[in-house]
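Engineer: I am attaching a structure below and will ask some questions about it afterwards.
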Amino acid sequence: MYVAPANTDLLLSQAQKEDLYSKLIEQLNKDFALANEPVDFETVLSPINLKLGLQEKIYTLIQHKFAEYLNLLYITDVPEKEIKALNGGDIAELSEQVAFLILKREWQKVWFRNRY
C-alpha cells in the first residue's frame with residue numbers, strides 16, 4: 001500500500017532505499033520536458049542537490065514564468081486542492097512546498113509503476 005512520505009528528505013531517502021531514485025529523477029526530467037521547461041537533473045545527483053535545484057527551478061518559474069509554472073503543475077498532475085492549501089506569502093517557502101508536492105506526485109507515479 002502506498003503511503004506518501006511526510007517531507008522531501010524522507011521521500012528522497014525512501015526512493016534511494018527502494019533503488020528507485022534514478023527513476024524518480026528520470027520522471028522529473030520527463031515531465032519538465034513535457035511542460036516545455038526542460039531540466040537536466042543527472043541520475044547521480046545527490047538528494048540535497050536535487051532538492052535545491054528543484055526548489056530553485058520552481059522559484060524561477062513562479063517569479064518569471066507563471067503560465068509555465070501552472071502548466072508544469074498540470075503536467076505533473078499535482079492536486080489543485082493541495083496547491084490552494086499553501087500559503088503564498090513567502091515565495092521561497094512556497095517554492096519549497098511546491099517542490100515537495102511535485103516530488104511527492106512524481107514519486108507516486110514511479111512507485112506504482114514499479115509495483116504494478
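If you're wondering about the labels, chains in the C-alpha cells are A, B, ... by order shown, residues count from 1 in each chain, ligands from 1 in order shown.
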Show me, as number ranges by chain, the residues that have an atom within 12 Å of A:Val44 when counting only C-alpha atoms, minus same-chain residues fewer than 4 positions from it.
Structural biologist: A: 16, 20-26, 40, 48-50
Engineer: To one decimal place in Å, what is the distance between atom CA of A:Met1 and atom CA of A:Trp111?
Structural biologist: 10.2 Å
Engineer: As a PyMOL selection string, which residues of chain A does DSSP assign to alpha helix (DSSP H)?
Structural biologist: chain A and resi 8-17+21-34+47-64+66-76+80-84+91-115
Engineer: What separation in Å, quoted to one decimal, exists between atom CA of A:Glu80 and atom CA of A:Val110?
Structural biologist: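 That distance, rounded to one decimal, is 20.3 Å.
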Engineer: I need the residue nearest A:Val3 from this list: A:Asn114, A:Gln108, A:Asn36, A:Thr43. Use only C-alpha atoms for the distance.
Structural biologist: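 So, comparing all the options, the nearest one is A:Gln108.
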Engineer: Of the candidates A:Asp90, A:Glu96, A:Glu37, A:Glu42, which shows the shortest atom-to-atom distance to A:Tyr69, using only C-alpha atoms?
Structural biologist: A:Glu37
Engineer: Just how far from atom CA of A:Ala4 is atom CA of A:Gln63, in Å to one decimal?
Structural biologist: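 Taking atom CA of A:Gln63 and atom CA of A:Ala4, their separation equals 28.3 Å.
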Engineer: Got a sec: who's within 10 Å of A:Asp9, counting only C-alpha atoms, leaving out chain neighbours fewer than 6 positions off, as a compact mmCIF listing (two decimals) with C-alpha atoms, in the first residue's frame?
Structural biologist:
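And here is the file that came out, around-v5.txt:
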# COMPACT_ATOMS: atom_id res chain seq x y z
CA ALA A 15 13.45 6.42 -3.16
CA PRO A 47 19.39 14.23 -2.92
CA ILE A 48 20.22 17.61 -1.38
CA LYS A 51 16.01 19.20 -3.72
CA PHE A 100 7.75 18.76 -2.32
Engineer: Which is closer to A:Lys109 than all the others in A:Gln14, A:Gln27, A:Thr60, A:Gln97, using only C-alpha atoms?
Structural biologist: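 Checking each of A:Gln14, A:Gln27, A:Thr60, A:Gln97 against A:Lys109, counting only C-alpha atoms, the winner is A:Gln27.
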Engineer: Could you check which of A:Ile102, A:Leu45, A:Ala35, A:Leu12 is closest to A:Asp77, using only C-alpha atoms?
Structural biologist: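 Checking each of A:Ile102, A:Leu45, A:Ala35, A:Leu12 against A:Asp77, counting only C-alpha atoms, the winner is A:Ile102.
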Engineer: Go through A:Leu103, A:Leu34, A:Ala92, A:Leu28 one by one, measure the shortest atom-to-atom distance of each to A:Leu61 using only C-alpha atoms, and give the residue with the smallest value.
Structural biologist: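 Of all the options, A:Ala92 lies closest to A:Leu61.
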